[in-house]
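Everything below belongs to start_32.txt, which stores compact mmCIF, C-alpha atoms and all ligand atoms.
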```txt
# COMPACT_ATOMS: atom_id res chain seq x y z
CA MET A 1 -5.48 -26.57 -7.68
CA ASN A 2 -6.59 -25.92 -11.24
CA VAL A 3 -6.08 -22.30 -12.29
CA ILE A 4 -8.18 -20.83 -15.11
CA TRP A 5 -7.00 -17.42 -16.34
CA LEU A 6 -9.69 -15.16 -17.81
CA GLU A 7 -8.78 -12.14 -19.93
CA THR A 8 -11.61 -10.03 -18.57
CA VAL A 9 -14.63 -10.64 -16.37
CA ASP A 10 -16.94 -8.51 -14.24
CA SER A 11 -15.77 -10.12 -11.00
CA THR A 12 -14.04 -13.45 -10.44
CA ASN A 13 -16.28 -14.00 -7.39
CA SER A 14 -19.44 -13.35 -9.44
CA GLU A 15 -18.19 -15.65 -12.22
CA ALA A 16 -17.32 -18.40 -9.73
CA LEU A 17 -20.77 -18.10 -8.13
CA ARG A 18 -22.48 -18.30 -11.53
CA LEU A 19 -20.45 -21.38 -12.54
CA LEU A 20 -20.44 -22.92 -9.07
CA PRO A 21 -22.41 -26.13 -9.85
CA GLU A 22 -19.96 -27.04 -12.63
CA LEU A 23 -16.69 -26.07 -10.95
CA PRO A 24 -14.85 -28.81 -9.04
CA SER A 25 -13.46 -27.97 -5.63
CA GLY A 26 -9.96 -26.54 -5.99
CA THR A 27 -10.74 -24.50 -9.11
CA VAL A 28 -9.20 -21.04 -9.15
CA LEU A 29 -10.61 -18.37 -11.46
CA ALA A 30 -8.10 -15.60 -12.03
CA ALA A 31 -8.62 -12.52 -14.19
CA TYR A 32 -6.24 -10.06 -15.81
CA GLU A 33 -9.06 -7.52 -15.72
CA GLN A 34 -12.16 -7.15 -13.57
CA THR A 35 -14.71 -4.62 -14.80
CA ALA A 36 -16.84 -4.72 -11.63
CA GLY A 37 -14.61 -6.11 -8.89
CA ARG A 38 -16.51 -6.39 -5.63
CA GLY A 39 -15.26 -5.52 -2.15
CA GLN A 40 -16.55 -5.68 1.39
CA ARG A 41 -19.67 -3.72 2.36
CA GLY A 42 -20.83 -3.43 -1.28
CA ASN A 43 -17.72 -1.44 -2.23
CA THR A 44 -16.06 -1.69 -5.63
CA TRP A 45 -12.56 -3.20 -5.86
CA PHE A 46 -10.55 -1.13 -8.34
CA THR A 47 -7.27 -2.34 -9.81
CA ARG A 48 -5.48 -1.61 -13.05
CA PRO A 49 -5.82 -4.35 -15.70
CA GLY A 50 -2.87 -6.72 -16.01
CA GLN A 51 -1.00 -5.37 -13.00
CA ASN A 52 -2.42 -7.21 -9.99
CA LEU A 53 -3.77 -10.52 -8.82
CA THR A 54 -7.54 -10.82 -8.72
CA PHE A 55 -8.77 -14.36 -8.26
CA SER A 56 -11.29 -16.61 -6.55
CA ILE A 57 -10.69 -20.03 -5.06
CA VAL A 58 -13.63 -22.45 -5.09
CA LEU A 59 -13.73 -24.94 -2.24
CA LYS A 60 -16.51 -27.44 -1.66
CA ASN A 61 -17.46 -29.77 1.17
CA LEU A 62 -14.76 -28.71 3.60
CA SER A 63 -16.44 -30.55 6.51
CA LEU A 64 -16.65 -27.21 8.27
CA GLU A 65 -19.71 -26.23 10.27
CA ALA A 66 -21.33 -23.02 9.07
CA SER A 67 -20.68 -21.50 12.51
CA GLN A 68 -16.95 -22.03 11.85
CA ALA A 69 -16.94 -20.16 8.54
CA ILE A 70 -14.79 -17.43 10.08
CA ARG A 71 -11.89 -19.89 10.05
CA LEU A 72 -11.73 -19.47 6.27
CA ASN A 73 -11.05 -15.77 6.89
CA PHE A 74 -8.30 -16.65 9.38
CA LEU A 75 -6.78 -19.14 6.93
CA THR A 76 -6.88 -16.80 3.94
CA SER A 77 -5.45 -13.86 5.90
CA VAL A 78 -2.60 -16.00 7.24
CA ALA A 79 -1.94 -17.39 3.75
CA VAL A 80 -1.71 -13.90 2.21
CA ALA A 81 0.49 -12.63 5.06
CA SER A 82 2.77 -15.71 4.76
CA PHE A 83 3.02 -15.28 0.99
CA LEU A 84 4.04 -11.64 1.47
CA GLU A 85 6.53 -12.67 4.16
CA SER A 86 8.06 -15.09 1.63
CA LYS A 87 8.73 -11.99 -0.53
CA GLY A 88 10.41 -10.23 2.39
CA VAL A 89 7.40 -8.04 3.18
CA LYS A 90 6.06 -7.88 6.74
CA ALA A 91 2.29 -7.72 6.57
CA ALA A 92 -0.33 -7.19 9.25
CA VAL A 93 -3.92 -8.39 9.25
CA LYS A 94 -6.39 -5.65 10.01
CA TRP A 95 -9.35 -7.44 11.53
CA PRO A 96 -11.25 -9.11 10.06
CA ASN A 97 -9.31 -9.62 6.85
CA ASP A 98 -7.62 -6.65 5.25
CA ILE A 99 -3.89 -7.03 4.75
CA TYR A 100 -1.75 -3.97 5.40
CA VAL A 101 1.93 -3.17 4.88
CA ASN A 102 3.39 0.04 6.30
CA GLY A 103 -0.06 1.58 6.75
CA GLY A 104 -1.15 0.80 3.18
CA LYS A 105 -3.71 -1.80 2.13
CA ILE A 106 -2.08 -4.40 -0.11
CA CYS A 107 -4.82 -7.02 -0.22
CA GLY A 108 -8.57 -7.37 0.24
CA ILE A 109 -10.49 -10.58 0.79
CA LEU A 110 -14.15 -11.29 0.05
CA ILE A 111 -15.42 -14.75 1.03
CA GLU A 112 -18.90 -15.84 -0.06
CA ASN A 113 -20.31 -19.09 1.29
CA SER A 114 -23.31 -21.24 0.55
CA LEU A 115 -24.71 -23.54 3.20
CA ASP A 116 -25.61 -27.19 3.13
CA GLY A 117 -27.77 -27.60 6.25
CA PRO A 118 -25.56 -26.85 9.25
CA MET A 119 -22.40 -27.23 7.16
CA LEU A 120 -20.61 -25.03 4.67
CA GLY A 121 -21.49 -26.20 1.18
CA ALA A 122 -19.31 -24.21 -1.18
CA SER A 123 -17.01 -21.28 -0.53
CA VAL A 124 -15.77 -18.72 -3.00
CA ILE A 125 -12.67 -17.07 -1.59
CA GLY A 126 -12.03 -13.87 -3.51
CA ILE A 127 -8.60 -12.31 -3.12
CA GLY A 128 -7.20 -9.14 -4.61
CA ILE A 129 -3.46 -8.62 -4.09
CA ASN A 130 -1.85 -5.44 -5.40
CA VAL A 131 1.27 -6.67 -7.15
CA ASN A 132 2.83 -4.47 -9.85
CA GLN A 133 0.68 -1.32 -9.62
CA ARG A 134 2.71 1.76 -8.70
CA GLU A 135 0.07 4.50 -8.68
CA PHE A 136 -3.22 4.42 -6.85
CA SER A 137 -4.76 7.74 -7.78
CA GLN A 138 -8.28 7.07 -6.42
CA LEU A 139 -7.08 5.18 -3.37
CA ALA A 140 -5.19 7.14 -0.76
CA ASN A 141 -3.95 4.33 1.43
CA ALA A 142 -3.20 1.52 -1.03
CA THR A 143 0.17 -0.10 -1.62
CA SER A 144 1.53 -2.98 -3.68
CA LEU A 145 4.22 -5.61 -3.59
CA THR A 146 6.30 -3.67 -6.08
CA LEU A 147 6.06 -0.47 -4.01
CA CYS A 148 7.31 -2.48 -1.01
CA THR A 149 10.18 -4.32 -2.69
CA GLY A 150 11.01 -2.35 -5.85
CA LYS A 151 10.70 -5.58 -7.87
CA GLU A 152 8.30 -6.57 -10.67
CA TYR A 153 6.48 -9.89 -10.53
CA VAL A 154 5.09 -12.29 -13.12
CA LEU A 155 1.44 -12.61 -12.15
CA GLU A 156 1.04 -16.26 -13.12
CA THR A 157 4.12 -17.25 -11.08
CA ALA A 158 3.05 -15.14 -8.10
CA LEU A 159 -0.38 -16.79 -8.12
CA LYS A 160 1.17 -20.29 -8.21
CA GLU A 161 3.39 -19.36 -5.28
CA PHE A 162 0.47 -18.00 -3.30
CA LEU A 163 -1.58 -21.15 -3.97
CA THR A 164 1.29 -23.33 -2.75
CA VAL A 165 1.22 -21.44 0.57
CA PHE A 166 -2.59 -21.63 0.70
CA GLU A 167 -2.65 -25.37 0.05
CA ARG A 168 0.04 -25.99 2.65
CA LEU A 169 -2.09 -24.16 5.23
CA LEU A 170 -5.41 -25.75 4.26
CA PRO A 171 -5.16 -28.64 6.76
CA SER A 172 -4.82 -26.05 9.56
CA LEU A 173 -8.48 -25.16 8.99
CA ALA A 174 -9.21 -27.85 11.57
CA GLU A 175 -6.32 -27.01 13.91
CA GLU A 176 -6.27 -24.84 16.99
CA ASP A 177 -3.12 -22.90 16.21
CA LEU A 178 -4.68 -21.27 13.14
CA LEU A 179 -6.13 -18.58 15.42
CA GLN A 180 -2.70 -18.06 17.01
CA GLU A 181 -1.13 -17.66 13.57
CA TYR A 182 -3.82 -15.10 12.79
CA THR A 183 -3.50 -13.09 16.01
CA ALA A 184 0.30 -13.17 15.75
CA ARG A 185 -0.13 -10.97 12.66
CA LEU A 186 -2.97 -8.82 13.97
CA PHE A 187 -2.64 -5.07 13.30
CA ARG A 188 -2.62 -3.01 16.53
CA MET A 189 -2.48 -6.11 18.75
CA GLY A 190 -1.55 -4.98 22.26
CA VAL A 191 -1.20 -1.36 21.16
CA SER A 192 -3.12 1.59 22.57
CA ALA A 193 -5.20 3.27 19.83
CA ARG A 194 -8.58 4.91 19.23
CA TYR A 195 -11.79 3.13 18.25
CA HIS A 196 -15.35 4.08 17.38
CA ASP A 197 -17.97 1.80 18.90
CA LEU A 198 -20.65 1.88 16.20
CA LEU A 199 -23.22 0.23 18.50
CA THR A 200 -23.15 3.08 21.03
CA ASP A 201 -21.63 5.77 18.76
CA ARG A 202 -18.87 6.29 21.31
CA GLU A 203 -15.20 6.94 20.63
CA TYR A 204 -12.64 5.66 23.08
CA ARG A 205 -9.02 4.63 23.55
CA GLY A 206 -8.45 0.91 23.79
CA ILE A 207 -6.08 -2.00 23.30
CA ILE A 208 -6.81 -4.99 21.04
CA ARG A 209 -6.32 -8.10 23.18
CA GLY A 210 -7.15 -10.75 20.59
CA VAL A 211 -9.86 -12.42 18.55
CA GLU A 212 -12.34 -14.99 19.83
CA PRO A 213 -12.62 -18.34 18.03
CA ASP A 214 -15.97 -17.09 16.68
CA GLY A 215 -14.16 -14.14 15.05
CA ARG A 216 -15.19 -11.36 17.45
CA LEU A 217 -12.55 -8.70 18.08
CA CYS A 218 -11.72 -8.12 21.78
CA ILE A 219 -10.79 -4.60 22.87
CA GLN A 220 -9.87 -3.47 26.37
CA ASP A 221 -11.47 -0.07 27.00
CA GLN A 222 -8.82 2.19 28.55
CA ASP A 223 -11.32 4.99 29.16
CA ALA A 224 -13.43 2.66 31.31
CA PRO A 225 -10.88 0.58 33.23
CA GLY A 226 -12.23 -2.36 35.17
CA LEU A 227 -14.93 -3.13 32.62
CA PRO A 228 -14.78 -6.49 30.85
CA LEU A 229 -13.31 -6.66 27.34
CA ARG A 230 -15.53 -5.28 24.60
CA HIS A 231 -16.42 -7.82 21.90
CA TYR A 232 -17.29 -6.83 18.35
CA HIS A 233 -18.71 -8.51 15.32
CA PHE A 234 -17.80 -7.22 11.86
CA LYS A 235 -19.13 -3.68 11.23
CA GLU A 236 -19.67 -2.95 14.94
CA VAL A 237 -16.39 -1.07 15.46
CA SER A 238 -14.15 1.09 13.35
CA TYR A 239 -10.49 1.99 13.75
CA LEU A 240 -9.66 5.67 14.24
CA LEU A 241 -6.33 7.23 13.43
C1 LIG B 1 -12.25 -5.69 0.24
O1 LIG B 1 -11.22 -5.42 0.84
O2 LIG B 1 -13.18 -4.90 0.20
C2 LIG B 1 -12.36 -7.03 -0.45
C3 LIG B 1 -11.86 -6.97 -1.86
C4 LIG B 1 -11.89 -8.31 -2.57
C5 LIG B 1 -11.44 -8.19 -4.00
C6 LIG B 1 -11.31 -9.53 -4.67
S1 LIG B 1 -10.54 -9.36 -6.25
C7 LIG B 1 -10.98 -11.00 -6.65
C8 LIG B 1 -12.37 -11.24 -6.11
N1 LIG B 1 -13.38 -10.82 -7.06
C9 LIG B 1 -14.07 -9.77 -6.65
O3 LIG B 1 -14.96 -9.19 -7.28
N2 LIG B 1 -13.66 -9.42 -5.41
C10 LIG B 1 -12.60 -10.27 -4.94
```
Produce structure tokens that represent the structure in this file.
Ligand code: BTN
Amino acid sequence: MNVIWLETVDSTNSEALRLLPELPSGTVLAAYEQTAGRGQRGNTWFTRPGQNLTFSIVLKNLSLEASQAIRLNFLTSVAVASFLESKGVKAAVKWPNDIYVNGGKICGILIENSLDGPMLGASVIGIGINVNQREFSQLANATSLTLCTGKEYVLETALKEFLTVFERLLPSLAEEDLLQEYTARLFRMGVSARYHDLLTDREYRGIIRGVEPDGRLCIQDQDAPGLPLRHYHFKEVSYLL
């Protein structure tokens, strides 16, 4: 992969989307500073300049059907979790693709795809990993690699190491066990906890039983035993404490 480091940019995802026609597959745009980092659900992704990894991987013509796009989320989540494991940090994937360590969010992922008929055309995989930041004043539940290990990291080296893990996993995009790798790291898997069903506005106690190949989260409703598993698309359920 070819890494281009930018001093400052609004958002590496936005920059990659603007430059998309010219960027070969495998280009990685990384920034020391993002002035308008973008998160899921239109949120802003805040990180202190020069302290964390904020980057976007451009992939083109992956031979992946558009209906399989969720596999990029599985792959990226597993890659981030594996990278953190290589640093001695045990990470969990909060469905669909937030990475948590000890109850704190350490990484967010924002994947933006364009379609080419029924296939994925280009994908911009935006990843923000909190690396050397020690204080998160605006963000109550954030953590970083340095808070987990007490060590400081060289950002350029950490990015290279992450990309090595990502590239090693890339062939698994077409393999069945990718979903197993993903669910093996799933936060709250098999654990009784509370959920808010946003479709019916009902709160209940349930157990996550897994994720379907199409990405839907499966929860067993403990307040309504005997009913089939509940299946959720993104934004249809929220986790309660
Ligand atoms: C989230 O958890 O809400 C997703 C956050 C994604 C942040 C990364 S940082 C690099 C890339 N550029 C962006 O503007 N966003 C993603």
What box, with edges along x, y and z, holds each listed atom of segment 150-166 of chain A when 3 Å is added on every side, and can you state its centre and edge lengths in Å to one decimal, as lines of an AutoDock Vina configuration file?
```
center_x = 4.2
center_y = -12.8
center_z = -6.2
size_x = 19.6
size_y = 27.0
size_z = 19.8
```
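Using only C-alpha atoms and all ligand atoms, we find that the residues with an atom at most 6 Å from any atom of ligand LIG 1 (chain B) are Ser11, Thr12, Asn13, Gly37, Arg38, Gly39, Gln40, Trp45, Thr54, Phe55, Ser56, Asp98, Gly108, Ile109, Leu110, Gly126, Ile127 and Gly128 of chain A.
Proximity ranking of A:Tyr100, A:Tyr32, A:Phe136, A:Phe234 relative to Phe187 of chain A places A:Tyr100 first, based on only C-alpha atoms.
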Enter the distance from atom CA of Glu203 of chain A to atom CA of Lys90 of chain A, in Å, rounded to one decimal. 29.4 Å
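Contact shell of Lys151 of chain A at 12 Å (all atoms listed in the file; same-chain neighbours under 5 positions omitted): A:Lys87, A:Gly88, A:Val89, A:Val131, A:Asn132, A:Gln133, A:Arg134, A:Ser144, A:Leu145, A:Thr146.
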What is the atom CA of Val101 of chain A-atom CA of Leu53 of chain A distance in Å, reported with one decimal? 16.6 Å
Between A:Leu217, A:Ala122, A:Leu147, A:Ile4, single out the one closest to Asn61 of chain A, counting all atoms listed in the file. A:Ala122
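Here atom CA of Leu155 of chain A is placed at a distance of 17.1 Å from atom CA of Glu85 of chain A.
Comparing A:Gln222, A:Ser238, A:Ser82, A:Gln138 by their smallest distance to Thr200 of chain A, the closest is A:Ser238 (using all atoms listed in the file).
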If we count only C-alpha atoms, what is near Arg71 of chain A at a cut-off of 9 Å, once residues fewer than 4 positions away on the same chain are taken out, given as a PyMOL selection string? chain A and resi 64+75-76+173-174+178-179+213-215
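Closest approach to Leu169 of chain A from the set A:Tyr195, A:Tyr204, A:Tyr153, A:Phe74 is made by A:Phe74, with distances taken over only C-alpha atoms.
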Leu17 of chain A surroundings by all atoms listed in the file, 10 Å radius, close-in-sequence under 2 positions cut, as an NGL selection string: :A and (11-15 or 19-21 or 23 or 56 or 58 or 112-114 or 122-124)
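With all atoms listed in the file as the atoms that count, the residue of A:Pro171, A:Gly42, A:Gly50, A:Pro24 with the shortest distance to Leu72 of chain A is A:Pro171.
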Please provide as a PyMOL selection string all residues within 7 Å of Ala81 of chain A, with the sequence filter that same-chain residues fewer than 3 positions apart are discarded (counting only C-alpha atoms). chain A and resi 77-78+84-85+91-92
From the list A:Leu159, A:Met1, A:Val93, A:Cys148, the nearest residue to Thr183 of chain A using all atoms listed in the file is A:Val93
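Excluding Gly206 of chain A itself and any same-chain residue fewer than 6 positions from it, the protein and nucleic acid residues within 9 Å of it, counting only C-alpha atoms, are Val191, Ser192, Ala193, Arg194, Tyr195, Ile219, Gln220, Asp221, Gln222 and Asp223 of chain A.
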